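Engineer: Pasting a structure here, questions to come.
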Amino acid sequence: MIRLKPFLLLLGIAALVAAPIGQGNYIVYTLASWLIFSITAMGLNLTLGYAGQVSLAQAAFMGIGAYITALMTLNGIHWGLAVIVSIAASFAVGLLLGYPALRVQHHFLAFVTLAFNTLLFLVLRNEEEITGGSFGLVGMPRPSFFGITTDSNIAFYYFTLVCFVVSASAMWWILRSPWGRAFRALRENPIRAESLGLKVRRQTLLAFAIGSAFGGLAGALQAPLVQFIEPSSFALIHSLKILLMVVVGGSGFFFGPMLGAAVVILLPELLRFTEGYYLIIYSTLVIVLMVFSPTGLIGAGKKLAERFRPKHEARRDLKQGVQL
Amino acid sequence: MIRKLITTTAMVLALGAMPALAELKVGSIVELSGPGAAAGTNFRDGVKMGFEEINAQGGILKEPVKVLEYDSQTDPQVSRAMVQKGIDDGIYAIMGTVFSSSTVVNMLVARQAGIPQFTGSEAPSIVAMKNPYIFRTAFGSQKGVPKLAKYMSETMGLKKVGVAWANTEFGKGGHKAFVDAMKAANIEIVVDVPSEQAQADFSADVLKLKGSTAEAFFIYYTEEESARFLREARKQGLNKPLLGETTLIGHKVIELAGDAANGAMGHVGLTPDADIPAVKEMVERFKTKFKYTPDHNAIKGYTAAWTLKYVTEMVGKPDSKAIAEKLHGLKLTAKEHPGVLMDMSWDDTGEMSRESFVVKVENGKQVVQAVLPPN
Amino acid sequence: MAEFIQIIVSGLAAGSIYALAAVGFTLLWQASQTINFAQGEFVMLPAFFVLVGMTVFGLPLWPSVALALALSLLILGVAFKRLIVEPMLPHGTLPLVIATISLGLLMKESVKEFYGATAQPFPAIFPQTVYEIAGASVSMQDIGNLVVSMLAIGSLQLFLNRTRTGRCMQASAQNPAVAEILGVNVKRMVLYTFLINAGLATVASVLISPIYLAKFSNGETLGLVAFIAAIVGGFNQIRGALVGGLLIGVIDNLSAVYISAQYRSAMPLLLLIAIILLRPQGLLGTSEGRTV
């Protein structure tokens, strides 16, 4: 089983490389959107699935990244520098926001981030001298590296894919590191973990800030992809959408966010033949999924797999979802 | 789970391999969900009815037209994807979107592909981008508001006014146009009150207007907000003239605000209440078909559909580029081209002109006060 | 002065509706640790039941309201509890949060698809009289909203504190296990809570729709504001929700007039953050023994 994994991973990456070949612009663009939302959902999954904190501001962190990147690249600064600033700023804001919120009770990070998301929207809309207000910012250039431009959709897709693979590897490494392993200990038994010397609060805070930084990176990619940003693209409703991605995919599973993002972005497309009813069907499906499999799609898949192959013992650490 | 990723990818691949059809295809890309749903649904239904009538009369160039509908979800990112999908599906013209945030994004893509786009947006910025593929279906607020400003300074003789507006990309466009027009007309703005999107409680807004020295107020909200505002204004006894655009005195507002709408005045570019037989008949057909009264967005969509037919037939083939070129500087008269309902013309930026009216609401009915020529 | 009185009166009238919706948040949280992200839609929907009664079945206003109440109790009360909350409770709050977000979307989209995307006029239940009090315009509607919601919340409080069933409900909320041992039918008590929430939502819906006009998207802002009101007041106290609702209503109006109309919706959020940092249990709340 373990041996198979690197092979499957390579196969997956090969599929991602091959996916856009010969496709129309729409498919390529949608695949790139999916990768970007996978990055931000992956970040939220660290906060949610591993550190057990609900953040309702993931879209706001994307907004921070997108606006910083847009403003810098519109002023002729290279994307490479803009993305570093974007990630750093999201990380810093995450720390500033999380530090006081995590000092108080458990589920209060959710409330503080909810307020923050709406406040950020107001600032982006009202401070139009800088942000362009409700008209938004338009025409951000797509970056070029060593003379190779990413102006075409397919080039931009590969550029996004590189960013995606890098961030997925970073996440993998974080979760494998002793520091990342501590999360599992934390999630399994917080009291025991604390008694073994784990600084629960610091650990959680860092997870939240790193998760937010992933949001910043996704935002930095979204700005040149869409080439237009406006405050309502980062409103609270989008944070809820990202939360939906993580939980529907399966929070606490490494591949959960990617699957969830695929579902949220592609399902409306698959249901399009139902015309006006697709959102009704989509929301009903999500409710049904949550009722029957609170651990999301991956959880449901695992349950099914266990039913057919009862010999394998499921890994306990992956079994449990998060509780608020 | 990797298998899942692969299956998803496979699904995506399968989606891309749709067979091409021989008929003419037009993309209707509008807001069918999200905050823009009310406006978008109207526009979509107008487009739908327009093309159904066109097909019933033999289509465009004797070919039936197939309308492909896409939901932008009032989200620019999705909207861009939908335009790209439409282009991949082989559409030769785009109808929509209504919200300018989506239109701005769609324009970038449509321009690269060289496909004409008939937008319902009225934001000034749209035609300021020198995009040769964008065409309005109703003139922008930078054109409509000065017409009204002229009426305010010359006919009404106002010196001090106040403005209340929705702080969204829609309201912002109108607000900016109004502030510029007042500066040009030498009228002082003494109070300026923005409101939130879909705001329900207008007591504070009315209070601020009431406490000012303005002689009249310019009200720029969407229909529902206008209705709520008018009711609150009536309640607090705000009895100075209230002026606005279609969205202040439209049919829907009168229905929602009831008596409170009486006395409000507005500049109307396109309205189902216009005293023009062609418009009235179109509204009746729409009501029978869709069981609701269309607003100006539905008429925009309807005229866009017919405009495309006329222009395509003038060009002689469904050539997107040639159609865009032909539209610049074109004038369509309602006499020769009944589908446009009223005379329409486009300049070389894609901005359009049309006659308009100043109307006042009296006893729940619109009464025309003045007819303003196209500018 | 007249201006100030106007702000306070309008703020209280708006706030009383937020309070009704906020009480629902508090009730569900106490009874089943449910954060109902569809609460705004719960207030949006009954107005459309009334409209269906009036336009489709041709009933007069009050029988339609009765019909709406019955449908709300059935759908927003019983069905919501049985089909969504109950099966998900053992799995913690998060899946339930996602389910209620989706439920809100489902309700919005259904109303839009089956009734219409544009706002609908809604018959007034109070006469349209306006009184001049110390220079401020106060409508019968304002007074009616305030009085009806105070009465509703007041009698709820009395019911919970003074009747046997009410106390059993409180016991079930505070410690279900012990309540069960003492012979309380916990499941039934929880059901009562959901029914009360559905009833309050119907009241709120009938009160606000003449002002807000019935529209599928009405729940979006309302739900968020009520949620903030519930946290500010204290998530585990009904009178907290009442105070929170009224306070938010007044602050919203005050800041629109005296601080900045552009940032009016920021003030309640800043208050929310301040409350969480300084008094996490809310203005009137008591700190919870358990950390969930």
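By order of appearance in the structure tokens: chains A, B, ..., then residues from 1 within every chain, and ligands from 1 in the order shown.
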Hey, what's within 12 Å of B:Asn186 if we count only C-alpha atoms and toss same-chain stuff fewer than 4 positions away? As JSON, numbers by chain, please?
Structural biologist: {"B": [149, 150, 152, 153, 154, 157, 158, 159, 160, 161, 178, 179, 180, 181, 182]}
Engineer: Which residues of chain C are close to chain A, meaning at most 9 Å apart when you count only C-alpha atoms, and how do they look as a ChimeraX atom specification?
Structural biologist: /C:83-85,87-88,91-96,98-110,113,228,231,262-263,265-266,269-270,272-273,276-277,280,291-292
Engineer: At a cut-off of 6 Å, which residues of chain B touch chain C? Count only C-alpha atoms and give the answer as a compact mmCIF listing (two decimals) with C-alpha atoms, in the first residue's frame.
Structural biologist:
```txt
# COMPACT_ATOMS: atom_id res chain seq x y z
CA ALA B 38 -33.63 39.78 -10.38
CA ALA B 200 -33.90 47.51 4.36
CA ALA B 204 -31.29 57.16 8.99
CA GLN B 236 -41.02 61.00 7.87
CA LEU B 256 -44.11 48.08 -4.17
```
Engineer: Near A:Phe183, counting only C-alpha atoms, which residues have an atom at most 8 Å away, once you skip same-chain residues fewer than 2 positions from it, shown as a PyMOL selection string?
Structural biologist: chain A and resi 50-51+179-181+185-187+203
Engineer: Pull out every residue of chain A sitting within 8 Å of chain B, counting only C-alpha atoms, and send them as an MDAnalysis selection string.
Structural biologist: chainID A and resid 8:9 12 15:16 19 23:27 29:30 134:136 138 226:230 233 255 259 262 276 298
